[in-house]
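Peer 1: input.pdb (PDB, C-alpha atoms and all ligand atoms) pasted underneath:
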MODEL        1
ATOM      1  CA  MET A   1    -244.219 144.072 -54.619
ATOM      2  CA  ARG A   2    -242.332 144.073 -57.900
ATOM      3  CA  VAL A   3    -239.445 146.185 -59.147
ATOM      4  CA  HIS A   4    -240.732 149.147 -61.146
ATOM      5  CA  HIS A   5    -237.539 151.085 -61.783
ATOM      6  CA  ILE A   6    -234.008 151.809 -60.654
ATOM      7  CA  GLY A   7    -233.377 155.442 -59.782
ATOM      8  CA  TYR A   8    -230.124 157.060 -60.915
ATOM      9  CA  ALA A   9    -228.880 160.329 -59.510
ATOM     10  CA  VAL A  10    -227.473 162.371 -62.401
ATOM     11  CA  ARG A  11    -226.145 165.909 -62.773
ATOM     12  CA  ASP A  12    -227.468 166.475 -66.283
ATOM     13  CA  ILE A  13    -230.538 164.727 -67.729
ATOM     14  CA  GLU A  14    -229.550 165.081 -71.386
ATOM     15  CA  ALA A  15    -225.990 163.874 -70.826
ATOM     16  CA  ALA A  16    -227.335 160.927 -68.808
ATOM     17  CA  ALA A  17    -229.879 160.108 -71.533
ATOM     18  CA  GLU A  18    -227.011 159.950 -74.015
ATOM     19  CA  GLY A  19    -225.035 157.670 -71.750
ATOM     20  CA  PHE A  20    -227.967 155.305 -71.336
ATOM     21  CA  ALA A  21    -228.696 155.445 -75.075
ATOM     22  CA  ALA A  22    -225.210 154.035 -75.595
ATOM     23  CA  LEU A  23    -226.357 151.083 -73.462
ATOM     24  CA  GLY A  24    -229.426 150.614 -75.654
ATOM     25  CA  TYR A  25    -231.982 152.521 -73.573
ATOM     26  CA  ARG A  26    -234.655 154.604 -75.281
ATOM     27  CA  ARG A  27    -236.589 157.530 -73.868
ATOM     28  CA  ALA A  28    -239.839 156.495 -72.202
ATOM     29  CA  GLY A  29    -241.776 159.749 -71.980
ATOM     30  CA  ASN A  30    -240.660 163.332 -71.672
ATOM     31  CA  VAL A  31    -238.461 165.221 -69.261
ATOM     32  CA  THR A  32    -240.655 166.240 -66.317
ATOM     33  CA  ASP A  33    -239.891 168.823 -63.647
ATOM     34  CA  ASP A  34    -241.261 167.967 -60.205
ATOM     35  CA  PRO A  35    -241.062 171.180 -58.149
ATOM     36  CA  HIS A  36    -242.522 169.364 -55.127
ATOM     37  CA  ARG A  37    -239.348 167.266 -54.944
ATOM     38  CA  ASN A  38    -236.999 169.785 -56.617
ATOM     39  CA  VAL A  39    -236.005 167.290 -59.285
ATOM     40  CA  ARG A  40    -236.075 166.828 -63.052
ATOM     41  CA  ILE A  41    -236.929 163.314 -64.217
ATOM     42  CA  LEU A  42    -236.647 161.261 -67.398
ATOM     43  CA  PHE A  43    -237.477 157.574 -67.692
ATOM     44  CA  VAL A  44    -235.494 155.443 -70.133
ATOM     45  CA  SER A  45    -236.160 151.804 -70.930
ATOM     46  CA  LEU A  46    -234.593 148.752 -72.508
ATOM     47  CA  ALA A  47    -236.459 146.560 -74.978
ATOM     48  CA  ASP A  48    -237.016 143.996 -72.196
ATOM     49  CA  GLY A  49    -238.976 146.562 -70.175
ATOM     50  CA  THR A  50    -236.225 147.424 -67.699
ATOM     51  CA  LEU A  51    -236.944 150.949 -66.549
ATOM     52  CA  VAL A  52    -234.378 153.441 -65.269
ATOM     53  CA  GLU A  53    -235.336 156.803 -63.796
ATOM     54  CA  LEU A  54    -232.809 159.566 -64.344
ATOM     55  CA  VAL A  55    -233.126 162.096 -61.519
ATOM     56  CA  ALA A  56    -231.345 165.454 -61.709
ATOM     57  CA  PRO A  57    -231.576 168.233 -59.136
ATOM     58  CA  LEU A  58    -233.586 171.362 -60.026
ATOM     59  CA  ASN A  59    -231.807 173.252 -57.256
ATOM     60  CA  GLU A  60    -229.577 172.699 -54.251
ATOM     61  CA  HIS A  61    -232.568 171.665 -52.104
ATOM     62  CA  ALA A  62    -233.076 168.432 -54.046
ATOM     63  CA  PRO A  63    -232.503 165.382 -51.839
ATOM     64  CA  VAL A  64    -230.529 163.843 -54.707
ATOM     65  CA  CYS A  65    -227.779 166.465 -54.264
ATOM     66  CA  GLY A  66    -226.368 164.546 -51.310
ATOM     67  CA  THR A  67    -225.977 161.416 -53.435
ATOM     68  CA  LEU A  68    -224.380 163.341 -56.276
ATOM     69  CA  ASN A  69    -221.941 165.102 -53.995
ATOM     70  CA  ALA A  70    -220.963 161.812 -52.363
ATOM     71  CA  GLN A  71    -220.323 160.380 -55.833
ATOM     72  CA  ARG A  72    -218.423 163.476 -57.025
ATOM     73  CA  GLY A  73    -221.088 164.124 -59.643
ATOM     74  CA  VAL A  74    -220.857 160.695 -61.266
ATOM     75  CA  SER A  75    -224.241 159.165 -62.207
ATOM     76  CA  HIS A  76    -225.106 156.603 -59.590
ATOM     77  CA  PRO A  77    -227.959 154.206 -58.771
ATOM     78  CA  TYR A  78    -229.459 155.238 -55.426
ATOM     79  CA  HIS A  79    -232.925 153.765 -55.087
ATOM     80  CA  ILE A  80    -235.029 150.847 -56.236
ATOM     81  CA  CYS A  81    -238.723 151.519 -56.703
ATOM     82  CA  TYR A  82    -241.229 148.774 -55.955
ATOM     83  CA  GLU A  83    -244.759 148.903 -57.283
ATOM     84  CA  THR A  84    -247.332 147.630 -54.835
ATOM     85  CA  ASP A  85    -251.003 146.675 -55.048
ATOM     86  CA  ASP A  86    -251.375 147.507 -51.345
ATOM     87  CA  PHE A  87    -249.569 150.811 -50.966
ATOM     88  CA  ASP A  88    -250.754 151.767 -47.478
ATOM     89  CA  GLY A  89    -250.392 148.205 -46.231
ATOM     90  CA  ASP A  90    -246.827 147.885 -47.508
ATOM     91  CA  VAL A  91    -245.810 151.281 -46.098
ATOM     92  CA  ALA A  92    -247.074 150.108 -42.699
ATOM     93  CA  LEU A  93    -245.426 146.697 -43.108
ATOM     94  CA  LEU A  94    -242.009 148.116 -43.973
ATOM     95  CA  ARG A  95    -242.218 150.623 -41.110
ATOM     96  CA  SER A  96    -243.037 147.760 -38.747
ATOM     97  CA  ARG A  97    -239.879 146.053 -40.038
ATOM     98  CA  GLY A  98    -237.674 149.014 -39.195
ATOM     99  CA  PHE A  99    -237.731 151.044 -42.395
ATOM    100  CA  LEU A 100    -237.874 154.776 -41.744
ATOM    101  CA  LEU A 101    -240.343 156.844 -43.757
ATOM    102  CA  ILE A 102    -238.148 159.742 -44.941
ATOM    103  CA  SER A 103    -240.492 161.532 -47.351
ATOM    104  CA  ASP A 104    -244.093 162.563 -47.395
ATOM    105  CA  ILE A 105    -246.596 160.387 -49.220
ATOM    106  CA  ALA A 106    -247.454 162.389 -52.314
ATOM    107  CA  PRO A 107    -248.518 162.015 -55.928
ATOM    108  CA  ALA A 108    -245.598 161.829 -58.381
ATOM    109  CA  LYS A 109    -245.922 164.107 -61.376
ATOM    110  CA  ALA A 110    -243.552 161.998 -63.509
ATOM    111  CA  ILE A 111    -245.549 158.788 -62.900
ATOM    112  CA  GLY A 112    -249.134 159.778 -63.653
ATOM    113  CA  MET A 113    -249.736 161.323 -60.208
ATOM    114  CA  ARG A 114    -249.611 157.941 -58.540
ATOM    115  CA  ARG A 115    -248.693 158.033 -54.851
ATOM    116  CA  VAL A 116    -245.069 157.438 -53.921
ATOM    117  CA  CYS A 117    -242.946 157.626 -50.798
ATOM    118  CA  PHE A 118    -239.370 156.851 -49.800
ATOM    119  CA  LEU A 119    -238.289 154.607 -46.962
ATOM    120  CA  MET A 120    -234.748 154.077 -45.685
ATOM    121  CA  SER A 121    -233.159 151.039 -44.148
ATOM    122  CA  ASN A 122    -229.515 150.946 -43.098
ATOM    123  CA  SER A 123    -229.295 147.377 -44.374
ATOM    124  CA  ALA A 124    -231.531 147.500 -47.480
ATOM    125  CA  GLY A 125    -230.887 151.075 -48.540
ATOM    126  CA  LEU A 126    -233.296 153.572 -50.047
ATOM    127  CA  VAL A 127    -236.603 152.127 -51.224
ATOM    128  CA  GLU A 128    -239.351 153.915 -53.124
ATOM    129  CA  LEU A 129    -242.891 152.571 -53.003
ATOM    130  CA  LEU A 130    -245.242 153.279 -55.887
ATOM    131  CA  GLU A 131    -248.984 152.727 -55.782
ATOM    132  CA  ALA A 132    -250.093 150.368 -58.562
TER     133      ALA A 132
HETATM  134 NI    NI A 201    -237.922 156.603 -58.429
ENDMDL
END
Take the structure from the file and write it as structure tokens.
Ligand code: NI

Peer 2:
Amino acid sequence: MRVHHIGYAVRDIEAAAEGFAALGYRRAGNVTDDPHRNVRILFVSLADGTLVELVAPLNEHAPVCGTLNAQRGVSHPYHICYETDDFDGDVALLRSRGFLLISDIAPAKAIGMRRVCFLMSNSAGLVELLEA
């Protein structure tokens, strides 16, 4: 597995894009609405390839709302996404190591319809797996 991106919970995609632009990030793709997950997504990247996913809620049902409320609306990193060459194998491996599968396994509109899922560990936090 390798780190693919860091997910940031943000209230407003455009405001967050401006904030990350001040850090030297450029837009990597377009703003994408994912109604399946009730979120709006924009990827931004540094020249070295570091990728950050800005995730804003489309409505109050978005899972990211909990993170935003806990952070009083301040943009906040809340998941690390790992890309894996053995998606099903790594999902099973992490579950066997105590990670809880907390989402369905579904194609992600903002990442070329590749399969993703989220797993939670009290000690390692929220992890997203992305099929290579
Ligand atoms: Ni992500």

Peer 1: Ligand NI 201 (chain A): which residues are within 8 Å, counting only C-alpha atoms and all ligand atoms? Reply as a PyMOL selection string.

Peer 2: chain A and resi 5-7+53+55+79-81+128

Peer 1: Residues picked by the PyMOL selection byres (((chain A and resi 65-68) around 12) and not hetatm) here, as a ChimeraX atom specification?

Peer 2: /A:7-12,37-39,55-64,69-79,126

Peer 1: Could you give me the centre and size, in Å to one decimal, of an axis-aligned box around all listed atoms of segment 45-49 of chain A with 3 Å added on every side, as AutoDock Vina command-line options?

Peer 2:
--center_x -236.8 --center_y 147.9 --center_z -72.6 --size_x 10.4 --size_y 13.8 --size_z 10.8

Peer 1: Looking at all atoms listed in the file, which of A:Asp88, A:Leu46, A:Ile41, A:Leu100 is the one that sits closest to Gly24 of chain A?

Peer 2: A:Leu46

Peer 1: Calculated over all atoms listed in the file, which of the candidates A:Met120, A:Ala47, A:Met113, A:Ala21 has the smallest distance to Val91 of chain A?

Peer 2: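 Answer, going by the shortest atom-to-atom distance: A:Met120.
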
Peer 1: For the atom pair atom CA of Leu42 of chain A and atom CA of Ile102 of chain A, what is the interatomic distance in Å to one decimal place?

Peer 2: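 That distance, rounded to one decimal, is 22.6 Å.
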
Peer 1: What's the 12 Å shell around Gly112 of chain A, counting only C-alpha atoms, without same-chain residues fewer than 6 positions away, as a list of chain:residue names?

Peer 2: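 Listing them by chain and then by number gives A:Gly29, A:Thr32, A:Asp34, A:Ala106, A:Leu130, A:Glu131, A:Ala132.
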
Peer 1: Just the number, please: distance in Å from atom CA of Val127 of chain A to atom CA of Ala92 of chain A, one decimal.

Peer 2: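 Answer for the atom CA of Val127 of chain A to atom CA of Ala92 of chain A separation: 13.7 Å.
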